[in-house]
Amino acid sequence: MDVNAPSDRLRVESERVVELLTGRECEALDDRELVGLMSEITAARNALDVLTACAARVIDARSARELGGAGLAQRQGHRNATELLQTLTGRSRREVLRAVKTGGDLLPPLPPAVGHDGDGSGAESRAASEDGGGS
């Protein structure tokens, strides 16, 4: 099975955690199982972090300044993707910008686009590279 896609990696790693815990609590695991559990939880969290970065980058592209009020963040009542992501995640501006940049490193270039509830196009978003707070 190819587990290169972030969502596939998360599913596989999460299933491993569930398998280790099925019908038991952490305190019922022996030392070897407990160390294995922590390793699997860490792998699942890493997969979740990758997926988070990819989603942040897509939100950034769909909130591009060029889209104006049709952008995702703007339709959600925010000025830009950074502000929306901060609200959604509770993370600092710096952490949000890092996630968007990481997502940009993981995904191919994304043109600004409005999601399935609309349509739009334009130039690529620059939130991760601007100091002004995003798109």
# chains A, B, ... in the order shown; residues from 1 in each chain; ligands from 1

$ residues_around --residues "region 16-30 of chain A" --least-positions-apart "2" --cutoff "10 Å" --atoms "only C-alpha atoms" --output "ChimeraX atom specification"
/A:10-14,32-44

$ select_by_dssp --residues "chain A" --states "alpha helix (DSSP H)" --output "ChimeraX atom specification"
/A:6-21,31-62,72-75,81-89,93-106

$ residues_around --residues "Ala99 (chain A)" --least-positions-apart "3" --cutoff "9 Å" --atoms "only C-alpha atoms" --output "PyMOL selection string"
chain A and resi 49-50+52-57+94-96+102-104+128

$ atom_distance --atom1 "CA of Gln74 (chain A)" --atom2 "CA of Val100 (chain A)"
17.2 Å

$ atom_distance --atom1 "CA of Asp31 (chain A)" --atom2 "CA of Asp8 (chain A)"
28.6 Å

$ atom_distance --atom1 "CA of Leu88 (chain A)" --atom2 "CA of Arg62 (chain A)"
15.3 Å

$ closest_residue --among "A:Ala47, A:Val58, A:Glu15, A:Asn4" --to "Pro109 (chain A)" --atoms "only C-alpha atoms"
A:Val58
